[in-house]
>>> print(open('structure.cif').read())   # mmCIF, C-alpha atoms
data_structure
#
loop_
_atom_site.label_atom_id
_atom_site.label_comp_id
_atom_site.auth_asym_id
_atom_site.auth_seq_id
_atom_site.Cartn_x
_atom_site.Cartn_y
_atom_site.Cartn_z
CA MET A 246 -60.31 29.04 -36.41
CA THR A 247 -60.63 27.97 -40.04
CA GLN A 248 -63.54 29.02 -42.21
CA THR A 249 -65.13 27.14 -45.05
CA THR A 250 -65.14 29.17 -48.25
CA THR A 251 -66.43 28.76 -51.77
CA HIS A 252 -65.16 30.24 -55.03
CA PRO A 253 -67.56 32.29 -57.22
CA ALA A 254 -67.62 29.35 -59.66
CA ALA A 255 -69.55 27.40 -57.02
CA ARG A 256 -72.10 30.06 -56.15
CA SER A 257 -74.53 29.58 -58.99
CA ASP A 258 -76.25 27.18 -56.60
CA ALA A 259 -75.32 28.68 -53.26
CA ALA A 260 -77.65 26.38 -51.32
CA ASP A 261 -75.68 23.35 -52.49
CA PRO A 262 -72.15 24.38 -53.49
CA PRO A 263 -70.31 21.69 -55.47
CA PHE A 264 -67.13 22.11 -53.44
CA THR A 265 -65.75 23.76 -50.32
CA VAL A 266 -62.30 25.02 -49.39
CA VAL A 267 -61.23 24.92 -45.74
CA PRO A 268 -58.10 27.01 -45.15
CA LEU A 269 -55.22 25.61 -43.13
CA GLU A 270 -52.31 27.55 -41.68
CA ASP A 271 -50.08 26.03 -44.37
CA GLY A 272 -52.58 25.29 -47.16
CA ALA A 273 -56.16 24.12 -47.62
CA VAL A 274 -58.52 21.16 -47.80
CA PHE A 275 -60.53 21.04 -51.03
CA THR A 276 -63.67 18.88 -50.74
CA ILE A 277 -65.97 17.89 -53.60
CA GLU A 278 -69.47 18.34 -52.15
CA ARG A 279 -71.64 16.19 -54.45
CA PRO A 280 -72.22 12.95 -52.50
CA ALA A 281 -75.58 12.28 -54.20
CA LYS A 282 -73.69 12.19 -57.52
CA LEU A 283 -70.74 10.25 -56.05
CA ASN A 284 -68.75 13.50 -56.16
CA ALA A 285 -68.58 13.43 -59.96
CA LEU A 286 -66.54 16.14 -61.63
CA THR A 287 -68.32 19.09 -63.20
CA LYS A 288 -66.89 22.23 -64.75
CA PRO A 289 -67.60 24.29 -61.58
CA VAL A 290 -65.69 21.73 -59.47
CA LEU A 291 -62.72 21.86 -61.83
CA LEU A 292 -62.78 25.66 -61.92
CA GLY A 293 -62.95 25.70 -58.14
CA LEU A 294 -59.94 23.41 -57.83
CA ALA A 295 -58.02 25.60 -60.29
CA ALA A 296 -58.86 28.72 -58.26
CA CYS A 297 -57.82 26.96 -55.05
CA ILE A 298 -54.44 26.05 -56.56
CA ASP A 299 -54.04 29.61 -57.86
CA ASP A 300 -54.62 31.01 -54.40
CA LEU A 301 -52.34 28.57 -52.59
CA GLU A 302 -49.48 29.06 -55.03
CA ALA A 303 -49.87 32.86 -54.96
CA ARG A 304 -49.51 33.00 -51.19
CA GLY A 305 -46.68 30.47 -51.01
CA ALA A 306 -48.70 27.80 -49.21
CA ARG A 307 -47.29 24.29 -49.24
CA LEU A 308 -50.10 21.78 -48.63
CA LEU A 309 -53.29 20.83 -50.46
CA VAL A 310 -55.55 17.97 -49.37
CA VAL A 311 -58.19 16.85 -51.89
CA THR A 312 -61.14 14.70 -50.82
CA GLY A 313 -64.84 14.04 -51.38
CA ARG A 314 -67.88 14.31 -49.13
CA GLY A 315 -69.13 11.13 -47.47
CA GLU A 316 -67.76 7.59 -47.41
CA ARG A 317 -69.12 6.20 -50.69
CA ALA A 318 -67.00 8.09 -53.18
CA PHE A 319 -63.87 10.17 -53.42
CA CYS A 320 -64.93 10.91 -56.98
CA ALA A 321 -66.71 8.72 -59.52
CA GLY A 322 -65.19 10.53 -62.51
CA THR A 323 -66.61 13.06 -64.89
CA ASP A 324 -70.32 13.87 -64.67
CA LEU A 325 -71.74 12.20 -67.77
CA GLY A 326 -75.01 14.08 -67.28
CA GLU A 327 -73.19 17.35 -67.70
CA LEU A 328 -71.46 16.05 -70.83
CA GLN A 329 -74.80 15.04 -72.37
CA GLY A 330 -75.81 18.70 -72.44
CA LEU A 331 -72.70 19.79 -74.33
CA ASP A 332 -71.87 19.71 -78.01
CA MET A 333 -68.66 18.03 -79.15
CA ALA A 334 -66.60 21.22 -79.08
CA ALA A 335 -67.69 21.97 -75.52
CA ARG A 336 -67.02 18.37 -74.44
CA MET A 337 -63.50 18.54 -75.84
CA ALA A 338 -62.95 21.92 -74.22
CA LYS A 339 -63.93 20.53 -70.81
CA THR A 340 -61.71 17.50 -71.34
CA SER A 341 -58.74 19.63 -72.33
CA MET A 342 -59.30 21.93 -69.38
CA ALA A 343 -59.52 19.00 -66.94
CA ARG A 344 -56.43 17.31 -68.38
CA GLY A 345 -54.43 20.53 -68.23
CA LEU A 346 -55.52 21.15 -64.65
CA LEU A 347 -54.49 17.69 -63.46
CA VAL A 348 -51.15 17.88 -65.22
CA ARG A 349 -50.65 21.28 -63.62
CA LEU A 350 -51.50 19.84 -60.19
CA SER A 351 -49.02 17.00 -60.69
CA ARG A 352 -46.27 19.55 -61.41
CA SER A 353 -47.20 22.13 -58.77
CA ARG A 354 -44.78 22.94 -55.97
CA LEU A 355 -47.67 22.21 -53.60
CA VAL A 356 -47.46 18.90 -51.77
CA SER A 357 -50.91 17.51 -52.56
CA VAL A 358 -52.50 14.57 -50.77
CA ALA A 359 -55.53 12.72 -52.11
CA ALA A 360 -57.57 11.60 -49.10
CA ILE A 361 -59.44 8.80 -50.88
CA ASN A 362 -62.54 8.33 -48.77
CA GLY A 363 -64.48 6.07 -51.14
CA LEU A 364 -64.38 4.77 -54.68
CA ALA A 365 -62.11 6.63 -57.10
CA TYR A 366 -63.15 5.79 -60.66
CA GLY A 367 -62.25 7.31 -64.00
CA GLY A 368 -61.50 10.99 -63.63
CA GLY A 369 -61.61 10.53 -59.86
CA LEU A 370 -58.65 8.17 -59.96
CA GLU A 371 -56.94 10.52 -62.42
CA LEU A 372 -57.43 13.34 -59.89
CA ALA A 373 -55.93 11.18 -57.14
CA MET A 374 -52.99 10.19 -59.36
CA ALA A 375 -52.27 13.86 -60.08
CA CYS A 376 -51.65 14.39 -56.36
CA THR A 377 -48.21 13.98 -54.86
CA LEU A 378 -49.38 11.35 -52.35
CA ARG A 379 -52.43 9.11 -52.00
CA LEU A 380 -53.92 8.01 -48.67
CA ALA A 381 -56.81 5.55 -48.95
CA ALA A 382 -59.46 4.48 -46.46
CA PRO A 383 -59.45 0.69 -46.01
CA HIS A 384 -62.76 0.13 -47.82
CA VAL A 385 -62.05 2.00 -51.06
CA SER A 386 -61.60 0.69 -54.58
CA VAL A 387 -60.04 2.39 -57.58
CA SER A 388 -60.60 1.90 -61.29
CA LEU A 389 -60.23 3.31 -64.78
CA PRO A 390 -63.40 1.76 -66.25
CA GLU A 391 -63.63 3.82 -69.45
CA ILE A 392 -63.07 0.74 -71.63
CA LYS A 393 -66.55 -0.46 -70.59
CA LEU A 394 -68.03 2.59 -72.32
CA GLY A 395 -65.87 2.23 -75.40
CA LEU A 396 -63.76 5.15 -74.20
CA LEU A 397 -60.30 5.69 -72.76
CA PRO A 398 -59.06 7.75 -69.81
CA ALA A 399 -59.02 11.36 -70.95
CA TYR A 400 -57.58 13.36 -68.05
CA ALA A 401 -53.95 12.14 -68.49
CA GLY A 402 -54.72 8.81 -66.85
CA THR A 403 -53.02 6.90 -69.67
CA GLN A 404 -49.85 8.76 -68.65
CA PHE A 405 -50.22 8.91 -64.87
CA LEU A 406 -51.01 5.23 -64.34
CA PRO A 407 -48.02 3.63 -66.13
CA ALA A 408 -45.73 6.23 -64.55
CA ILE A 409 -46.93 5.10 -61.10
CA VAL A 410 -47.42 1.33 -61.46
CA GLY A 411 -45.56 0.44 -64.65
CA PRO A 412 -46.89 -0.34 -68.15
CA SER A 413 -47.92 -3.96 -67.52
CA ARG A 414 -50.17 -3.26 -64.53
CA ALA A 415 -51.46 -0.07 -66.16
CA LEU A 416 -52.50 -1.92 -69.31
CA GLU A 417 -54.24 -4.62 -67.29
CA MET A 418 -56.23 -2.08 -65.31
CA MET A 419 -57.21 0.02 -68.33
CA LEU A 420 -58.00 -2.90 -70.65
CA THR A 421 -60.18 -4.73 -68.12
CA GLY A 422 -61.64 -1.74 -66.30
CA ARG A 423 -61.73 -3.77 -63.11
CA ALA A 424 -62.02 -2.28 -59.65
CA VAL A 425 -58.88 -2.66 -57.57
CA PRO A 426 -59.32 -2.86 -53.77
CA ALA A 427 -57.24 -0.70 -51.47
CA ALA A 428 -54.89 -3.47 -50.34
CA GLU A 429 -54.00 -4.38 -53.92
CA ALA A 430 -53.63 -0.72 -54.87
CA LEU A 431 -51.16 -0.36 -52.00
CA ALA A 432 -49.22 -3.44 -53.11
CA MET A 433 -48.82 -2.09 -56.65
CA GLY A 434 -47.86 1.39 -55.44
CA LEU A 435 -51.00 3.08 -56.70
CA VAL A 436 -51.76 4.34 -53.20
CA ASN A 437 -49.01 5.20 -50.76
CA ARG A 438 -50.70 4.28 -47.48
CA ILE A 439 -53.89 2.79 -46.08
CA ALA A 440 -55.41 5.05 -43.45
CA ALA A 441 -56.24 3.88 -39.95
CA ALA A 442 -59.94 3.05 -39.70
CA ASP A 443 -60.33 4.59 -36.23
CA ALA A 444 -59.23 8.15 -37.01
CA PRO A 445 -60.58 10.88 -39.33
CA LEU A 446 -59.20 10.45 -42.84
CA VAL A 447 -58.67 14.12 -43.62
CA ALA A 448 -56.78 14.70 -40.37
CA GLN A 449 -54.53 11.78 -41.26
CA ALA A 450 -54.01 13.23 -44.75
CA ILE A 451 -53.02 16.61 -43.30
CA ASP A 452 -50.52 14.93 -40.97
CA TYR A 453 -49.18 12.85 -43.87
CA GLY A 454 -48.61 15.92 -46.00
CA ARG A 455 -46.88 17.69 -43.14
CA GLU A 456 -44.44 14.80 -42.84
CA VAL A 457 -43.12 16.17 -46.13
CA THR A 458 -43.71 19.92 -45.90
CA ARG A 459 -41.66 20.25 -42.70
CA PHE A 460 -38.62 19.71 -44.92
CA SER A 461 -36.89 22.06 -47.36
CA PRO A 462 -39.15 23.16 -50.25
CA THR A 463 -36.04 23.52 -52.42
CA ALA A 464 -34.96 19.94 -51.78
CA ILE A 465 -38.50 18.61 -52.23
CA GLU A 466 -38.84 20.30 -55.61
CA ALA A 467 -35.43 19.00 -56.70
CA ILE A 468 -36.25 15.41 -55.70
CA ARG A 469 -39.57 15.58 -57.54
CA ALA A 470 -37.84 16.90 -60.67
CA CYS A 471 -35.37 14.00 -60.56
CA VAL A 472 -38.13 11.42 -60.12
CA ALA A 473 -40.13 12.98 -62.97
CA ALA A 474 -37.09 12.55 -65.23
CA ALA A 475 -36.57 8.91 -64.25
CA GLY A 476 -37.79 6.11 -66.50
CA PRO A 477 -37.82 2.33 -66.22
CA PHE A 478 -34.08 2.32 -66.92
CA VAL A 479 -31.24 4.48 -65.65
CA THR A 480 -30.40 6.83 -68.52
CA ASP A 481 -27.76 9.47 -69.11
CA ALA A 482 -30.53 12.04 -69.50
CA GLY A 483 -32.04 11.16 -66.12
CA VAL A 484 -28.65 11.18 -64.40
CA ALA A 485 -27.96 14.59 -65.98
CA VAL A 486 -31.16 15.96 -64.43
CA GLU A 487 -30.06 14.66 -61.05
CA ASP A 488 -26.62 16.22 -61.48
CA ALA A 489 -28.15 19.60 -62.38
CA GLN A 490 -30.54 19.49 -59.43
CA VAL A 491 -27.79 18.50 -56.99
CA ARG A 492 -25.58 21.35 -58.20
CA ALA A 493 -28.43 23.87 -57.91
CA ASN A 494 -29.46 22.63 -54.48
CA PHE A 495 -26.04 22.14 -52.89
CA ASP A 496 -25.49 25.80 -52.05
CA SER A 497 -29.13 26.81 -51.63
CA PRO A 498 -30.28 28.69 -48.51
CA ASP A 499 -32.20 25.61 -47.35
CA ALA A 500 -29.15 23.39 -47.74
CA ARG A 501 -26.96 25.82 -45.79
CA GLU A 502 -29.62 26.09 -43.09
CA GLY A 503 -30.01 22.30 -42.83
CA VAL A 504 -26.30 21.72 -42.36
CA ALA A 505 -25.97 24.61 -39.91
CA ALA A 506 -28.93 23.36 -37.86
CA PHE A 507 -27.45 19.88 -37.71
CA LEU A 508 -24.08 21.17 -36.56
CA GLU A 509 -25.69 23.52 -34.05
CA LYS A 510 -28.02 20.76 -32.78
CA ARG A 511 -31.22 22.76 -33.35
CA PRO A 512 -34.34 22.36 -35.52
CA ALA A 513 -33.90 23.59 -39.07
CA ARG A 514 -35.94 26.58 -40.25
CA PHE A 515 -36.49 25.86 -43.93
CA GLY A 516 -37.99 28.09 -46.57
CA ARG A 517 -36.74 31.42 -45.22
CA GLY A 518 -33.90 32.07 -47.66
#
>>> encode(input="structure.cif", output="structure tokens")
Amino acid sequence: MTQTTTHPAARSDAADPPFTVVPLEDGAVFTIERPAKLNALTKPVLLGLAACIDDLEARGARLLVVTGRGERAFCAGTDLGELQGLDMAARMAKTSMARGLLVRLSRSRLVSVAAINGLAYGGGLELAMACTLRLAAPHVSVSLPEIKLGLLPAYAGTQFLPAIVGPSRALEMMLTGRAVPAAEALAMGLVNRIAAADAPLVAQAIDYGREVTRFSPTAIEAIRACVAAAGPFVTDAGVAVEDAQVRANFDSPDAREGVAAFLEKRPARFGRG
């Protein structure tokens, strides 16, 4: 049986922790527990997510599902109320910490799935974009609305969004700040799948992540490195990354196991080399 846990960063208000972590056999589900505030990001939430990633990576886990409590919001972005109580240096420190955390998440060996249960605005969409995969409930909308406040996305959203949907669509979203419904987000590649409405979202997200994690971690990491090196055009530099990854992977324990399992007509046992 799994147990819900909290990190010490959440325990300053133990009666109402800002996040929970539910362990899985192969990872964890991290849930932002601030539905009354549309699951807005605070420093304790960010520290909790960082600690969760630390723990999963340290024990060689492979799957992280990130979601928010309730059906209204996955995450409405940074908590502006918290920012109001900070001086400029502290605001910039929080911003830098959040940006670094999301970039780290995007590069982690963990297969992360954003289970987008409601609106994902601002830093909430940036959090979702930092994940490997994005599964959205049918009713959600996503947005980077910072332009409406005279601001710009600060948690690497200006880099994540064009990398996912291309510069033209990214500019349109960021310069208008409009909310994009789930079906349109799927069409532009901003979310990977729309969840079934008649089944629990988090359970679907876990199953989605396991579609990937059942395969070789070595091959997964190599494919992700190649995709990260790819740009809008095929370049010699990108092809060189692919060549290096193919050479490194070709004789890896996972590759040998995969070929042997195929020839022996048995399931492969990846990740044991």
>>> residues_around(input="structure.cif", residues="Leu389 of chain A", least_positions_apart="3", cutoff="7 Å", atoms="all atoms listed in the file", output="PDB file with C-alpha atoms, keeping the file's coordinate frame")
ATOM      1  CA  TYR A 366     -63.150   5.790 -60.660  1.00  0.00           C
ATOM      2  CA  GLY A 367     -62.250   7.310 -64.000  1.00  0.00           C
ATOM      3  CA  PRO A 398     -59.060   7.750 -69.810  1.00  0.00           C
ATOM      4  CA  MET A 418     -56.230  -2.080 -65.310  1.00  0.00           C
ATOM      5  CA  MET A 419     -57.210   0.020 -68.330  1.00  0.00           C
ATOM      6  CA  GLY A 422     -61.640  -1.740 -66.300  1.00  0.00           C
TER       7      GLY A 422
END
>>> residues_around(input="structure.cif", residues="Ala428 of chain A", least_positions_apart="2", cutoff="12 Å", atoms="all atoms listed in the file", output="list in words")
Leu380, Ala381, Ala382, Pro383, His384, Val385, Ser386, Val387, Ala424, Val425, Pro426, Ala430, Leu431, Ala432, Met433, Gly434, Leu435, Val436, Asn437, Arg438, Ile439 and Ala440 of chain A
>>> closest_residue(input="structure.cif", among="A:Val484, A:Leu292, A:Val472, A:Ala365", to="Gly322 of chain A", atoms="all atoms listed in the file")
A:Ala365
>>> resolve_selection(input="structure.cif", expression="the PyMOL selection byres ((chain A and resi 451) around 12)", output="count of residues only")
38
>>> resolve_selection(input="structure.cif", expression="the PyMOL selection byres ((chain A and resi 399-407) around 10)", output="ChimeraX atom specification")
/A:322-323,337,339-348,351,367-375,389,391,396-398,408-416,418-419,435
>>> residues_around(input="structure.cif", residues="Gly363 of chain A", least_positions_apart="4", cutoff="6 Å", atoms="only C-alpha atoms", output="list in words")
Glu316, Arg317, Ala318, Phe319 and Val385 of chain A
>>> resolve_selection(input="structure.cif", expression="the PyMOL selection byres ((chain A and resi 497) around 12)", output="ChimeraX atom specification")
/A:461-464,467,490-496,498-504,515-518
>>> write_last_selection(input="structure.cif", atoms="C-alpha atoms", output="mmCIF file, keeping the file's coordinate frame")
data_model
loop_
_atom_site.group_PDB
_atom_site.id
_atom_site.type_symbol
_atom_site.label_atom_id
_atom_site.label_comp_id
_atom_site.auth_asym_id
_atom_site.auth_seq_id
_atom_site.Cartn_x
_atom_site.Cartn_y
_atom_site.Cartn_z
ATOM 1 C CA SER A 461 -36.890 22.060 -47.360
ATOM 2 C CA PRO A 462 -39.150 23.160 -50.250
ATOM 3 C CA THR A 463 -36.040 23.520 -52.420
ATOM 4 C CA ALA A 464 -34.960 19.940 -51.780
ATOM 5 C CA ALA A 467 -35.430 19.000 -56.700
ATOM 6 C CA GLN A 490 -30.540 19.490 -59.430
ATOM 7 C CA VAL A 491 -27.790 18.500 -56.990
ATOM 8 C CA ARG A 492 -25.580 21.350 -58.200
ATOM 9 C CA ALA A 493 -28.430 23.870 -57.910
ATOM 10 C CA ASN A 494 -29.460 22.630 -54.480
ATOM 11 C CA PHE A 495 -26.040 22.140 -52.890
ATOM 12 C CA ASP A 496 -25.490 25.800 -52.050
ATOM 13 C CA PRO A 498 -30.280 28.690 -48.510
ATOM 14 C CA ASP A 499 -32.200 25.610 -47.350
ATOM 15 C CA ALA A 500 -29.150 23.390 -47.740
ATOM 16 C CA ARG A 501 -26.960 25.820 -45.790
ATOM 17 C CA GLU A 502 -29.620 26.090 -43.090
ATOM 18 C CA GLY A 503 -30.010 22.300 -42.830
ATOM 19 C CA VAL A 504 -26.300 21.720 -42.360
ATOM 20 C CA PHE A 515 -36.490 25.860 -43.930
ATOM 21 C CA GLY A 516 -37.990 28.090 -46.570
ATOM 22 C CA ARG A 517 -36.740 31.420 -45.220
ATOM 23 C CA GLY A 518 -33.900 32.070 -47.660
#
>>> closest_residue(input="structure.cif", among="A:Leu350, A:Ala334, A:Val266, A:Ala441", to="Ala295 of chain A", atoms="all atoms listed in the file")
A:Leu350
>>> atom_distance(input="structure.cif", atom1="atom CA of Leu286 of chain A", atom2="atom CA of Glu327 of chain A")
9.1 Å
>>> atom_distance(input="structure.cif", atom1="atom CA of Ala470 of chain A", atom2="atom CA of Ala489 of chain A")
10.2 Å
>>> atom_distance(input="structure.cif", atom1="atom CA of Phe264 of chain A", atom2="atom CA of Cys297 of chain A")
10.6 Å
>>> axis_aligned_box(input="structure.cif", around="segment 290-293 of chain A", padding_each_side="3 Å", output="JSON")
{"center_x": -64.2, "center_y": 23.7, "center_z": -60.0, "size_x": 9.0, "size_y": 10.0, "size_z": 9.8}
>>> closest_residue(input="structure.cif", among="A:Arg304, A:Lys393, A:Arg336, A:Arg352", to="Arg469 of chain A", atoms="all atoms listed in the file")
A:Arg352
>>> build_atoms(input="structure.cif", residues="segment 286-300 of chain A", atoms="N, CA and C atoms", output="short mmCIF file (atom, residue, chain, number, x, y, z; two decimals), in the coordinates of the input")
data_model
loop_
_atom_site.label_atom_id
_atom_site.label_comp_id
_atom_site.auth_asym_id
_atom_site.auth_seq_id
_atom_site.Cartn_x
_atom_site.Cartn_y
_atom_site.Cartn_z
N LEU A 286 -67.16 14.87 -61.24
CA LEU A 286 -66.54 16.14 -61.63
C LEU A 286 -67.40 16.91 -62.62
N THR A 287 -67.66 18.16 -62.29
CA THR A 287 -68.32 19.09 -63.20
C THR A 287 -67.37 20.25 -63.47
N LYS A 288 -67.73 21.07 -64.44
CA LYS A 288 -66.89 22.23 -64.75
C LYS A 288 -66.73 23.14 -63.54
N PRO A 289 -67.80 23.45 -62.76
CA PRO A 289 -67.60 24.29 -61.58
C PRO A 289 -66.63 23.69 -60.56
N VAL A 290 -66.65 22.36 -60.39
CA VAL A 290 -65.69 21.73 -59.47
C VAL A 290 -64.27 21.93 -59.97
N LEU A 291 -64.06 21.71 -61.26
CA LEU A 291 -62.72 21.86 -61.83
C LEU A 291 -62.24 23.30 -61.74
N LEU A 292 -63.14 24.24 -62.04
CA LEU A 292 -62.78 25.66 -61.92
C LEU A 292 -62.46 26.02 -60.47
N GLY A 293 -63.20 25.44 -59.55
CA GLY A 293 -62.95 25.70 -58.14
C GLY A 293 -61.60 25.17 -57.70
N LEU A 294 -61.24 23.97 -58.17
CA LEU A 294 -59.94 23.41 -57.83
C LEU A 294 -58.82 24.28 -58.42
N ALA A 295 -59.02 24.73 -59.66
CA ALA A 295 -58.02 25.60 -60.29
C ALA A 295 -57.83 26.88 -59.49
N ALA A 296 -58.94 27.49 -59.05
CA ALA A 296 -58.86 28.72 -58.26
C ALA A 296 -58.18 28.47 -56.93
N CYS A 297 -58.45 27.32 -56.33
CA CYS A 297 -57.82 26.96 -55.05
C CYS A 297 -56.31 26.86 -55.23
N ILE A 298 -55.87 26.18 -56.29
CA ILE A 298 -54.44 26.05 -56.56
C ILE A 298 -53.83 27.41 -56.82
N ASP A 299 -54.52 28.25 -57.61
CA ASP A 299 -54.04 29.61 -57.86
C ASP A 299 -53.77 30.34 -56.55
N ASP A 300 -54.73 30.28 -55.66
CA ASP A 300 -54.62 31.01 -54.40
C ASP A 300 -53.48 30.48 -53.54
#
